[in-house]
>>> print(open('run-v8.txt').read())   # compact mmCIF, C-alpha atoms
# COMPACT_ATOMS: atom_id res chain seq x y z
CA MET A 6 89.65 103.18 74.01
CA GLY A 7 91.30 106.52 74.59
CA LYS A 8 94.32 107.58 72.57
CA ASN A 9 96.46 107.60 75.68
CA HIS A 10 95.51 104.02 76.39
CA PRO A 11 98.45 101.83 75.48
CA ASN A 12 98.03 98.88 73.16
CA VAL A 13 96.18 96.16 74.99
CA ASP A 14 97.36 92.59 74.57
CA PRO A 15 94.73 91.03 72.31
CA TYR A 16 94.75 87.99 74.57
CA VAL A 17 94.35 89.94 77.79
CA VAL A 18 90.69 88.97 78.03
CA SER A 19 91.60 85.28 77.76
CA ARG A 20 94.17 85.72 80.49
CA VAL A 21 91.71 87.52 82.75
CA ARG A 22 89.05 84.83 82.25
CA ALA A 23 91.63 82.11 82.87
CA LEU A 24 92.68 83.61 86.18
CA GLU A 25 89.10 84.38 87.11
CA SER A 26 88.06 80.77 86.51
CA LEU A 27 90.91 79.49 88.69
CA LEU A 28 90.01 81.86 91.53
CA LEU A 29 86.32 80.98 91.28
CA GLU A 30 87.18 77.29 91.37
CA LYS A 31 89.36 77.70 94.46
CA GLY A 32 86.75 79.71 96.33
CA LEU A 33 88.94 82.81 96.36
CA LEU A 34 86.65 84.93 94.19
CA ALA A 35 82.90 85.18 94.72
CA PRO A 36 80.63 84.68 91.72
CA GLY A 37 79.15 88.10 91.00
CA ALA A 38 82.05 90.02 92.58
CA VAL A 39 83.08 91.43 89.21
CA ASP A 40 79.58 92.73 88.46
CA ARG A 41 79.48 94.34 91.88
CA VAL A 42 82.77 96.14 91.28
CA ILE A 43 81.44 97.48 87.97
CA GLU A 44 78.17 98.56 89.57
CA ARG A 45 79.92 100.26 92.41
CA TYR A 46 82.25 102.38 90.29
CA GLU A 47 79.82 103.15 87.52
CA ASN A 48 77.44 104.58 90.09
CA ASP A 49 80.02 106.02 92.40
CA THR A 50 82.67 107.74 90.32
CA GLY A 51 84.12 111.16 90.57
CA PRO A 52 85.37 113.21 93.45
CA MET A 53 82.15 113.16 95.42
CA ILE A 54 83.46 113.28 98.98
CA GLY A 55 86.49 115.36 98.01
CA ALA A 56 84.32 117.97 96.29
CA ARG A 57 81.84 118.04 99.15
CA ALA A 58 84.59 118.46 101.75
CA THR A 59 86.12 121.29 99.68
CA ALA A 60 82.82 123.14 99.37
CA ARG A 61 82.25 122.79 103.09
CA ALA A 62 85.75 124.04 103.87
CA TRP A 63 85.07 127.12 101.71
CA THR A 64 81.92 127.95 103.62
CA ASN A 65 82.71 126.75 107.12
CA PRO A 66 85.98 128.01 108.70
CA GLU A 67 85.89 125.52 111.56
CA PHE A 68 85.52 122.63 109.15
CA ARG A 69 88.35 124.01 107.06
CA THR A 70 90.67 124.11 110.07
CA LEU A 71 89.73 120.55 110.99
CA LEU A 72 90.11 119.27 107.41
CA LEU A 73 93.63 120.67 107.23
CA SER A 74 94.72 119.54 110.69
CA ASP A 75 92.90 116.21 111.02
CA ALA A 76 91.34 115.13 107.73
CA ARG A 77 90.33 111.77 109.15
CA ARG A 78 88.13 113.36 111.79
CA ALA A 79 86.75 115.91 109.32
CA LEU A 80 85.75 113.23 106.81
CA LYS A 81 83.93 111.18 109.40
CA THR A 82 81.25 113.87 108.95
CA PHE A 83 80.64 112.23 105.57
CA GLY A 84 80.64 108.70 106.94
CA LEU A 85 84.14 107.95 105.66
CA ASP A 86 86.92 106.71 107.93
CA TYR A 87 90.11 107.43 105.97
CA GLU A 88 93.03 107.32 108.36
CA VAL A 89 95.82 108.14 105.93
CA LEU A 90 94.50 111.27 104.20
CA VAL A 91 96.35 114.57 104.41
CA VAL A 92 94.71 117.66 102.88
CA VAL A 93 97.11 120.32 101.62
CA GLU A 94 95.94 123.87 101.07
CA ASN A 95 96.49 126.04 98.02
CA THR A 96 97.13 129.70 98.89
CA PRO A 97 98.17 132.77 96.90
CA ALA A 98 101.77 131.78 97.73
CA VAL A 99 101.62 127.99 97.25
CA HIS A 100 100.19 125.65 94.65
CA ASN A 101 100.09 121.94 95.54
CA LEU A 102 100.27 118.99 93.15
CA VAL A 103 99.85 115.27 93.90
CA VAL A 104 101.62 112.41 92.13
CA CYS A 105 102.90 108.88 92.76
CA THR A 106 106.13 108.40 90.82
CA LEU A 107 106.72 104.77 91.88
CA CYS A 108 103.29 103.32 91.12
CA SER A 109 99.96 105.12 91.00
CA CYS A 110 98.86 105.70 94.61
CA TYR A 111 95.75 107.84 94.65
CA PRO A 112 93.12 108.73 97.25
CA TRP A 113 90.34 106.55 95.80
CA PRO A 114 87.90 106.95 98.72
CA VAL A 115 87.70 110.72 98.22
CA LEU A 116 88.37 111.11 94.48
CA GLY A 117 86.94 107.93 92.95
CA LEU A 118 88.80 105.97 90.29
CA PRO A 119 92.06 107.52 89.10
CA PRO A 120 92.10 108.86 85.54
CA THR A 121 94.35 107.01 83.10
CA TRP A 122 96.72 109.96 82.62
CA TYR A 123 97.53 109.96 86.36
CA LYS A 124 98.84 106.40 86.03
CA MET A 125 100.85 106.87 82.84
CA PRO A 126 104.62 107.50 82.62
CA ALA A 127 104.32 111.06 81.23
CA TYR A 128 102.63 112.41 84.34
CA ARG A 129 104.52 110.27 86.84
CA SER A 130 107.93 111.16 85.39
CA ARG A 131 107.43 114.87 84.90
CA ALA A 132 105.36 115.98 87.90
CA VAL A 133 108.38 115.99 90.21
CA SER A 134 111.02 117.38 87.86
CA GLU A 135 109.17 119.93 85.74
CA PRO A 136 105.83 120.60 87.44
CA ARG A 137 105.47 124.18 86.20
CA GLN A 138 106.01 123.23 82.57
CA LEU A 139 103.71 120.23 82.95
CA LEU A 140 100.92 122.33 84.48
CA HIS A 141 101.36 124.91 81.72
CA GLU A 142 100.87 122.19 79.11
CA MET A 143 97.81 121.00 81.02
CA GLY A 144 96.32 124.49 80.89
CA LEU A 145 97.30 125.86 84.28
CA ASP A 146 99.83 128.68 84.49
CA ILE A 147 101.50 129.15 87.86
CA PRO A 148 103.73 132.25 88.02
CA ASP A 149 107.30 131.77 89.22
CA SER A 150 106.46 133.87 92.27
CA ARG A 151 104.12 131.13 93.50
CA GLU A 152 105.77 128.05 95.00
CA ILE A 153 104.87 124.70 93.48
CA ARG A 154 104.80 121.99 96.13
CA VAL A 155 104.68 118.47 94.75
CA TRP A 156 103.55 115.62 97.01
CA ASP A 157 105.05 112.32 95.84
CA SER A 158 102.92 109.61 97.51
CA SER A 159 105.71 107.15 98.28
CA ALA A 160 104.07 105.63 101.38
CA GLU A 161 100.51 104.81 102.48
CA MET A 162 99.72 108.44 103.22
CA ARG A 163 97.39 109.93 100.61
CA TYR A 164 97.13 113.56 99.59
CA MET A 165 94.31 115.75 98.39
CA VAL A 166 94.58 119.41 97.44
CA LEU A 167 92.20 121.96 98.95
CA PRO A 168 91.95 124.45 96.08
CA GLN A 169 91.29 128.15 96.50
CA ARG A 170 87.70 129.26 96.27
CA PRO A 171 87.16 130.92 92.90
CA ASP A 172 86.54 134.66 92.86
CA GLY A 173 82.94 135.67 92.34
CA THR A 174 81.45 132.70 94.20
CA GLY A 175 80.90 134.49 97.51
CA HIS A 176 77.13 134.31 97.11
CA LEU A 177 77.03 130.55 96.54
CA ALA A 178 76.09 128.03 99.20
CA GLU A 179 77.87 124.73 99.84
CA ASP A 180 75.58 122.72 97.57
CA GLU A 181 76.11 125.16 94.71
CA LEU A 182 79.89 125.09 95.18
CA VAL A 183 80.24 121.30 95.00
CA PRO A 184 79.87 121.08 91.19
CA LEU A 185 82.63 123.67 90.73
CA VAL A 186 85.17 121.32 92.27
CA SER A 187 86.61 118.96 89.68
CA ARG A 188 88.71 115.91 90.34
CA ASP A 189 91.59 117.62 88.55
CA ALA A 190 91.46 120.57 90.96
CA LEU A 191 91.79 118.16 93.89
CA ILE A 192 94.88 116.57 92.30
CA GLY A 193 96.28 120.05 91.60
CA VAL A 194 96.32 120.06 87.78
CA ALA A 195 93.43 122.53 87.45
CA GLU A 196 91.69 125.32 89.31
CA PRO A 197 88.05 125.02 90.35
CA ARG A 198 85.60 126.50 87.88
CA ALA A 199 83.95 129.80 88.73
CA THR A 200 80.67 128.58 87.23
CA ALA A 201 79.32 125.08 87.01
CA ALA A 202 80.32 123.34 83.79
CA ALA A 203 77.54 122.59 81.35
CA ARG A 204 78.21 118.86 81.31
CA MET B 19 114.86 97.78 92.87
CA ASP B 20 116.01 100.34 90.35
CA GLY B 21 113.43 99.36 87.77
CA VAL B 22 111.58 101.19 85.08
CA HIS B 23 108.68 101.76 87.49
CA ASP B 24 110.82 104.36 89.26
CA LEU B 25 109.79 107.06 86.83
CA GLY B 26 110.35 110.30 88.74
CA GLY B 27 112.48 112.67 86.65
CA MET B 28 112.76 110.41 83.59
CA GLN B 29 112.45 112.20 80.26
CA GLY B 30 111.03 111.44 76.87
CA PHE B 31 107.48 110.37 77.67
CA GLY B 32 105.92 113.36 75.95
CA PRO B 33 102.83 115.30 76.96
CA VAL B 34 100.13 114.18 79.37
CA VAL B 35 97.10 113.19 77.33
CA ARG B 36 93.76 113.57 79.05
CA GLU B 37 90.72 111.61 77.97
CA GLU B 38 87.53 113.64 78.24
CA ASN B 39 84.65 111.93 80.03
CA GLU B 40 86.72 108.87 80.70
CA PRO B 41 84.53 105.89 81.64
CA ALA B 42 84.97 104.10 84.97
CA PHE B 43 86.30 101.08 83.09
CA HIS B 44 87.28 100.84 79.43
CA ALA B 45 86.22 97.20 79.34
CA ALA B 46 84.64 94.73 81.77
CA TRP B 47 87.89 92.78 82.13
CA GLU B 48 89.42 95.78 83.92
CA ALA B 49 86.78 95.48 86.65
CA ALA B 50 87.51 91.74 86.85
CA VAL B 51 91.14 92.59 87.53
CA VAL B 52 90.13 94.99 90.31
CA ALA B 53 87.89 92.31 91.84
CA MET B 54 90.68 89.70 91.68
CA MET B 55 93.31 92.03 93.10
CA ARG B 56 91.11 92.76 96.11
CA ALA B 57 90.10 89.13 96.53
CA GLY B 58 93.74 88.01 96.58
CA GLY B 59 94.65 90.63 99.16
CA ALA B 60 91.58 90.11 101.33
CA ASN B 61 92.24 86.36 101.33
CA GLY B 62 95.71 87.03 102.70
CA ILE B 63 97.59 85.68 99.68
CA TYR B 64 99.74 88.80 99.45
CA ASN B 65 100.21 92.14 101.16
CA ILE B 66 100.23 95.48 99.36
CA ASP B 67 104.02 95.70 99.32
CA GLU B 68 104.36 92.26 97.75
CA PHE B 69 101.78 93.32 95.19
CA ARG B 70 103.63 96.51 94.28
CA HIS B 71 106.91 94.63 94.04
CA ALA B 72 105.33 91.98 91.82
CA ILE B 73 104.36 94.71 89.35
CA GLU B 74 107.86 96.19 89.49
CA ARG B 75 109.26 92.84 88.37
CA MET B 76 107.35 92.91 85.11
CA ALA B 77 109.77 92.97 82.15
CA PRO B 78 110.65 96.67 81.66
CA ALA B 79 109.47 96.88 78.04
CA ASP B 80 106.17 95.20 78.99
CA TYR B 81 105.76 97.54 81.94
CA LEU B 82 105.97 100.61 79.74
CA ARG B 83 103.66 99.20 77.09
CA ALA B 84 101.02 97.79 79.44
CA SER B 85 97.92 99.58 80.64
CA TYR B 86 97.40 99.99 84.36
CA TYR B 87 95.11 97.00 84.79
CA GLU B 88 97.36 94.81 82.64
CA LYS B 89 100.11 95.56 85.13
CA TRP B 90 97.80 94.52 87.94
CA LEU B 91 96.88 91.35 86.11
CA ASP B 92 100.54 90.47 85.63
CA GLY B 93 101.25 91.13 89.32
CA ILE B 94 98.31 89.05 90.56
CA ALA B 95 99.17 86.09 88.32
CA ARG B 96 102.86 86.28 89.26
CA LEU B 97 102.05 86.22 92.99
CA LEU B 98 99.46 83.44 92.74
CA VAL B 99 102.03 81.25 90.99
CA GLU B 100 104.89 82.20 93.35
CA LYS B 101 102.73 81.56 96.39
CA GLY B 102 101.70 78.17 95.04
CA VAL B 103 98.00 79.01 94.80
CA ILE B 104 97.99 78.08 91.11
CA THR B 105 100.61 76.70 88.78
CA GLY B 106 101.86 78.47 85.70
CA ASP B 107 100.84 75.38 83.76
CA ASP B 108 97.21 75.56 84.97
CA LEU B 109 97.08 79.19 84.03
CA GLU B 110 98.46 78.69 80.52
CA LYS B 111 96.05 75.81 79.90
CA ARG B 112 93.14 78.00 80.87
CA VAL B 113 94.42 80.87 78.75
CA ALA B 114 94.51 78.49 75.79
CA PHE B 115 90.95 77.37 76.61
CA PHE B 116 89.65 80.94 76.48
CA ARG B 117 91.63 81.84 73.36
CA GLU B 118 89.67 79.10 71.62
CA ARG B 119 86.43 80.39 73.15
CA PRO B 120 86.65 84.17 73.23
CA ASP B 121 83.01 84.60 74.23
CA ALA B 122 82.86 81.96 76.96
CA PRO B 123 82.25 83.14 80.53
CA ALA B 124 84.91 82.39 83.16
CA THR B 125 82.71 79.73 84.74
CA ASP B 126 82.95 77.55 81.60
CA ALA B 127 86.43 76.41 82.59
CA VAL B 128 85.68 75.77 86.25
CA ALA B 129 86.15 72.10 87.13
CA GLY B 130 83.26 70.73 89.18
CA ALA B 131 80.68 72.79 91.03
CA LEU B 132 81.42 76.35 92.13
CA PRO B 133 82.21 76.54 95.85
CA GLU B 134 79.36 78.02 97.84
CA GLY B 135 79.30 80.82 100.36
CA VAL B 136 82.41 82.60 99.07
CA PRO B 137 82.43 86.16 100.45
CA ALA B 138 82.65 88.99 97.93
CA HIS B 139 85.54 91.25 98.94
CA LEU B 140 84.63 94.52 97.29
CA THR B 141 87.31 96.40 99.16
CA TRP B 142 90.67 95.51 100.57
CA VAL B 143 91.91 97.93 103.16
CA GLN B 144 95.06 97.11 105.07
CA SER B 145 96.20 99.68 107.59
CA ALA B 146 99.95 100.35 107.51
CA ILE B 147 100.00 102.28 110.79
CA ARG B 148 101.35 100.48 113.87
CA GLU B 149 101.21 102.02 117.33
CA THR B 150 104.48 100.53 118.57
CA GLY B 151 105.39 103.40 120.86
CA ALA B 152 108.65 103.90 118.93
CA ARG B 153 110.03 107.40 119.40
CA PRO B 154 110.79 109.23 116.18
CA ARG B 155 114.42 110.18 115.90
CA PHE B 156 113.66 113.32 113.90
CA ALA B 157 111.30 116.25 114.42
CA PRO B 158 109.89 118.88 112.05
CA GLY B 159 112.61 121.35 111.10
CA ASP B 160 115.44 118.80 111.29
CA ALA B 161 117.76 118.66 108.29
CA VAL B 162 118.28 115.14 106.98
CA VAL B 163 120.07 113.46 104.12
CA THR B 164 118.67 110.41 102.36
CA ARG B 165 120.77 107.29 102.09
CA ARG B 166 122.36 106.14 98.87
CA PHE B 167 121.91 102.53 97.86
CA HIS B 168 121.26 100.28 94.92
CA ALA B 169 118.91 97.73 96.45
CA PRO B 170 117.97 94.61 94.50
CA GLY B 171 114.60 94.39 96.29
CA HIS B 172 111.59 96.60 96.88
CA THR B 173 112.10 100.14 98.12
CA ARG B 174 110.02 103.28 98.25
CA LEU B 175 112.94 105.67 98.15
CA PRO B 176 113.02 106.70 94.50
CA ARG B 177 116.31 107.13 92.68
CA TYR B 178 115.83 110.86 92.25
CA ALA B 179 115.76 111.39 96.02
CA ARG B 180 118.80 109.35 97.13
CA GLY B 181 121.73 111.14 98.73
CA LYS B 182 119.73 114.37 98.88
CA THR B 183 119.36 116.87 101.68
CA GLY B 184 115.90 117.83 102.87
CA VAL B 185 113.98 119.03 105.89
CA ILE B 186 111.44 117.09 107.96
CA VAL B 187 108.05 118.80 107.71
CA ARG B 188 105.75 116.25 109.30
CA VAL B 189 105.84 113.03 111.31
CA HIS B 190 103.21 110.59 110.03
CA GLY B 191 103.46 108.06 112.86
CA ILE B 192 104.83 104.53 112.81
CA HIS B 193 104.33 102.64 109.54
CA VAL B 194 104.99 99.18 108.15
CA PHE B 195 108.31 99.16 106.26
CA PRO B 196 107.72 98.06 102.65
CA ASP B 197 111.37 97.17 102.01
CA THR B 198 111.07 94.20 104.38
CA ASN B 199 107.34 93.54 104.17
CA ALA B 200 107.54 92.96 100.40
CA HIS B 201 109.96 90.09 100.94
CA GLY B 202 108.47 88.12 103.81
CA GLY B 203 110.87 89.91 106.13
CA GLY B 204 108.21 91.17 108.53
CA GLU B 205 106.59 94.53 109.01
CA SER B 206 109.52 96.19 110.85
CA PRO B 207 107.39 99.26 111.60
CA GLN B 208 109.29 102.53 111.89
CA PRO B 209 108.59 106.27 111.91
CA LEU B 210 107.54 107.78 108.61
CA TYR B 211 108.21 111.41 107.74
CA SER B 212 107.27 113.89 105.10
CA VAL B 213 110.57 115.35 103.87
CA ARG B 214 110.77 118.58 101.88
CA PHE B 215 113.37 118.86 99.14
CA ASP B 216 114.22 121.97 97.17
CA ALA B 217 113.95 121.31 93.43
CA ARG B 218 117.52 122.59 92.97
CA GLU B 219 118.79 119.91 95.37
CA LEU B 220 117.04 117.23 93.29
CA TRP B 221 117.52 118.48 89.73
CA GLY B 222 120.51 120.77 89.91
CA GLU B 223 120.96 123.78 87.68
CA THR B 224 118.08 122.88 85.36
CA ALA B 225 115.53 122.83 88.20
CA GLU B 226 112.44 124.97 87.83
CA PRO B 227 112.42 128.00 90.13
CA ASN B 228 110.49 128.06 93.40
CA ALA B 229 109.51 124.39 93.50
CA HIS B 230 109.73 121.73 96.19
CA VAL B 231 109.00 118.03 96.37
CA HIS B 232 107.59 116.52 99.55
CA LEU B 233 108.35 112.82 99.77
CA ASP B 234 107.35 110.33 102.47
CA CYS B 235 110.47 108.66 103.88
CA TRP B 236 110.86 105.92 106.46
CA GLU B 237 113.34 106.61 109.23
CA SER B 238 115.92 104.13 107.98
CA TYR B 239 116.12 106.02 104.67
CA LEU B 240 117.39 109.06 106.57
CA GLU B 241 120.54 110.20 108.26
CA GLU B 242 121.22 113.31 110.24
CA LYS B 243 122.60 116.12 108.15
>>> encode(input="run-v8.txt", output="structure tokens")
Amino acid sequence: MGKNHPNVDPYVVSRVRALESLLLEKGLLAPGAVDRVIERYENDTGPMIGARATARAWTNPEFRTLLLSDARRALKTFGLDYEVLVVVENTPAVHNLVVCTLCSCYPWPVLGLPPTWYKMPAYRSRAVSEPRQLLHEMGLDIPDSREIRVWDSSAEMRYMVLPQRPDGTGHLAEDELVPLVSRDALIGVAEPRATAAAR
Amino acid sequence: MDGVHDLGGMQGFGPVVREENEPAFHAAWEAAVVAMMRAGGANGIYNIDEFRHAIERMAPADYLRASYYEKWLDGIARLLVEKGVITGDDLEKRVAFFRERPDAPATDAVAGALPEGVPAHLTWVQSAIRETGARPRFAPGDAVVTRRFHAPGHTRLPRYARGKTGVIVRVHGIHVFPDTNAHGGGESPQPLYSVRFDARELWGETAEPNAHVHLDCWESYLEEK
């Protein structure tokens, strides 16, 4: 359990099993559904489609234009129909950051499961009121001359950041660019790496 | 509802702590909660707005202490009881059963044979967009001011953005209105906008320089400036 994980009710497992047994009994939950959820996310985590779409946008100007103007149509290329996604572009003048202050809305289909920190009060409270300080503490310094634009996901629209292509990656092809794009860069709390991480 | 869930701009929560190589789930029960949340929604027991509002009604101190999936668990159980799908009594009896038997699988408490042919709802996607033909009252570039209210029920206009002046930057189409849909009051679809607020308008003299917040606002949250 991570340090930022709050104290879990020692009886939470009993409560989960209790509810699960009632839903199974009433035919509202399929036996095996839980195992299938685990399987799905353990094999399908991370920002796979988001990273792929970013790498393609960096290498294909037409795709980039489409991704920014009609993300739904752009993502159909990857077999995903995601009607509520808006992709917002980082530029030398603007840095974008995504949050949900009221709950924890997050673009799961393109970024995978949300990290715990995204759902915790520290991030949700501070991202709108002191984004520059927050990003500084998270290791990303944005000069005052660059606008910070925070997207608070208060409705069903979902936001993903299109980060800037790192310098020195001009020779890389789409497939080589994908691993440079982290989930955090697509939320706006990091920049893409210039070289693939060794993990 | 001006609850503790409405966190934007609150202070005192300290630094963001990131967990390196965070696993998909920290324990199997978290995945069970995801499966149950989707099953409840896909079976039409609640809509997404009712679900969010159920979580908001958690006792404030519990809300702040609970992990994300504990909040979900609380919301699912609350709705299942309120909707009459289960009784609070049934639930507490089963909780007691599993406290006595911490290693027993969920099926151990099931009365009778498991129903057959139950579909596994691995996703629950509910579109909020409604093509009603309604004409948006505002257009990009329009100056608007958000309404001020202290609503007892569900709302998606956070406290920090009430009574504030902003500019429409995008029209998202016609969307289900959570403030009614969370309370059995119907979908009341209406235009949804992305509204841009200067940080100084929101946070006053202590605002960071050169920052803006873009917030999605339903038309009835807005008035002409």
>>> residues_around(input="run-v8.txt", residues="Phe68 in chain A", least_positions_apart="5", cutoff="8 Å", atoms="all atoms listed in the file", output="VMD selection string")
chain A and resid 61 to 62 79
>>> axis_aligned_box(input="run-v8.txt", around="range 177-192 of chain B", padding_each_side="6 Å", output="AutoDock Vina command-line options")
--center_x 112.5 --center_y 111.8 --center_z 102.6 --size_x 30.5 --size_y 26.5 --size_z 32.6
>>> residues_near_point(input="run-v8.txt", point="(99.8, 115.2, 100.0)", cutoff="10 Å", atoms="all atoms listed in the file", output="ChimeraX atom specification")
/A:90-94,101-104,111-112,154-158,162-166,192 /B:212,232-234
>>> residues_around(input="run-v8.txt", residues="range 105-120 of chain B", least_positions_apart="4", cutoff="9 Å", atoms="all atoms listed in the file", output="ChimeraX atom specification")
/A:16,18-24,26-27 /B:95-96,98-100,124,127
>>> closest_residue(input="run-v8.txt", among="B:Ala152, B:Val103, B:Met76, B:Ala157", to="chain A", atoms="only C-alpha atoms")
B:Val103
>>> closest_residue(input="run-v8.txt", among="B:Pro137, B:Gly204, B:Gly93, B:Gly59", to="chain A", atoms="only C-alpha atoms")
B:Pro137
>>> interface_residues(input="run-v8.txt", of="chain B", to="chain A", cutoff="6 Å", atoms="all atoms listed in the file", output="ChimeraX atom specification")
/B:23-28,31-32,34-36,42,49-50,53,57,85,112-113,116-117,124-125,128,132-133,136-138,174,228-234
>>> closest_residue(input="run-v8.txt", among="A:Val115, A:Cys110, A:Leu71, A:Ala199", to="Gly173 in chain A", atoms="only C-alpha atoms")
A:Ala199
>>> atom_distance(input="run-v8.txt", atom1="CA of Pro197 in chain A", atom2="CA of Ala178 in chain A")
15.2 Å
>>> atom_distance(input="run-v8.txt", atom1="CA of Val213 in chain B", atom2="CA of Ile192 in chain B")
15.2 Å
>>> residues_around(input="run-v8.txt", residues="Thr164 in chain B", least_positions_apart="5", cutoff="10 Å", atoms="only C-alpha atoms", output="VMD selection string")
chain B and resid 175 179 to 184 213 235 to 243
>>> atom_distance(input="run-v8.txt", atom1="CA of Pro33 in chain B", atom2="CA of Pro227 in chain B")
20.7 Å
>>> closest_residue(input="run-v8.txt", among="B:Arg214, B:His71, B:Arg153, B:Arg83", to="Leu97 in chain B", atoms="all atoms listed in the file")
B:His71
>>> residues_near_point(input="run-v8.txt", point="(81.8, 113.2, 95.9)", cutoff="10 Å", atoms="all atoms listed in the file", output="list in words")
Asp49, Thr50, Gly51, Pro52, Met53, Ile54, Gly55, Ala56, Arg57, Ala58, Thr59, Phe83, Pro114, Val115, Leu116, Gly117, Val183, Pro184, Val186, Ser187 and Arg188 of chain A
>>> write_last_selection(input="run-v8.txt", atoms="C-alpha atoms", output="PDB file, in the frame of the given file")
ATOM      1  CA  ASP A  49      80.020 106.020  92.400  1.00  0.00           C
ATOM      2  CA  THR A  50      82.670 107.740  90.320  1.00  0.00           C
ATOM      3  CA  GLY A  51      84.120 111.160  90.570  1.00  0.00           C
ATOM      4  CA  PRO A  52      85.370 113.210  93.450  1.00  0.00           C
ATOM      5  CA  MET A  53      82.150 113.160  95.420  1.00  0.00           C
ATOM      6  CA  ILE A  54      83.460 113.280  98.980  1.00  0.00           C
ATOM      7  CA  GLY A  55      86.490 115.360  98.010  1.00  0.00           C
ATOM      8  CA  ALA A  56      84.320 117.970  96.290  1.00  0.00           C
ATOM      9  CA  ARG A  57      81.840 118.040  99.150  1.00  0.00           C
ATOM     10  CA  ALA A  58      84.590 118.460 101.750  1.00  0.00           C
ATOM     11  CA  THR A  59      86.120 121.290  99.680  1.00  0.00           C
ATOM     12  CA  PHE A  83      80.640 112.230 105.570  1.00  0.00           C
ATOM     13  CA  PRO A 114      87.900 106.950  98.720  1.00  0.00           C
ATOM     14  CA  VAL A 115      87.700 110.720  98.220  1.00  0.00           C
ATOM     15  CA  LEU A 116      88.370 111.110  94.480  1.00  0.00           C
ATOM     16  CA  GLY A 117      86.940 107.930  92.950  1.00  0.00           C
ATOM     17  CA  VAL A 183      80.240 121.300  95.000  1.00  0.00           C
ATOM     18  CA  PRO A 184      79.870 121.080  91.190  1.00  0.00           C
ATOM     19  CA  VAL A 186      85.170 121.320  92.270  1.00  0.00           C
ATOM     20  CA  SER A 187      86.610 118.960  89.680  1.00  0.00           C
ATOM     21  CA  ARG A 188      88.710 115.910  90.340  1.00  0.00           C
TER      22      ARG A 188
END
>>> residues_around(input="run-v8.txt", residues="Pro158 in chain B", least_positions_apart="3", cutoff="7 Å", atoms="all atoms listed in the file", output="PyMOL selection string")
chain B and resi 186-188
>>> write_last_selection(input="run-v8.txt", atoms="C-alpha atoms", output="PDB file, in the coordinates of the input")
ATOM      1  CA  ILE B 186     111.440 117.090 107.960  1.00  0.00           C
ATOM      2  CA  VAL B 187     108.050 118.800 107.710  1.00  0.00           C
ATOM      3  CA  ARG B 188     105.750 116.250 109.300  1.00  0.00           C
TER       4      ARG B 188
END
>>> decode(input="run-v8.txt", residues="range 163-191 of chain B", atoms="C-alpha atoms", output="short mmCIF file (atom, residue, chain, number, x, y, z; two decimals), in the first residue's frame")
data_model
loop_
_atom_site.label_atom_id
_atom_site.label_comp_id
_atom_site.auth_asym_id
_atom_site.auth_seq_id
_atom_site.Cartn_x
_atom_site.Cartn_y
_atom_site.Cartn_z
CA VAL B 163 -21.26 35.46 -15.13
CA THR B 164 -21.96 32.30 -13.15
CA ARG B 165 -24.93 32.19 -10.83
CA ARG B 166 -24.61 32.27 -7.07
CA PHE B 167 -26.51 29.69 -5.07
CA HIS B 168 -26.27 27.40 -2.11
CA ALA B 169 -28.05 24.32 -3.42
CA PRO B 170 -28.88 21.46 -1.06
CA GLY B 171 -28.69 18.92 -3.91
CA HIS B 172 -26.21 17.85 -6.54
CA THR B 173 -24.51 20.47 -8.67
CA ARG B 174 -21.45 20.59 -10.88
CA LEU B 175 -20.81 24.29 -10.43
CA PRO B 176 -18.07 24.32 -7.82
CA ARG B 177 -18.05 26.91 -5.05
CA TYR B 178 -14.90 28.56 -6.33
CA ALA B 179 -16.57 29.45 -9.63
CA ARG B 180 -19.88 30.93 -8.43
CA GLY B 181 -20.63 34.57 -9.12
CA LYS B 182 -17.55 34.82 -11.35
CA THR B 183 -17.12 36.41 -14.75
CA GLY B 184 -15.71 34.36 -17.59
CA VAL B 185 -15.74 34.01 -21.36
CA ILE B 186 -17.30 31.21 -23.41
CA VAL B 187 -14.56 29.40 -25.34
CA ARG B 188 -16.39 26.37 -26.68
CA VAL B 189 -19.89 24.96 -27.06
CA HIS B 190 -19.93 21.24 -26.24
CA GLY B 191 -23.45 20.48 -27.48
#
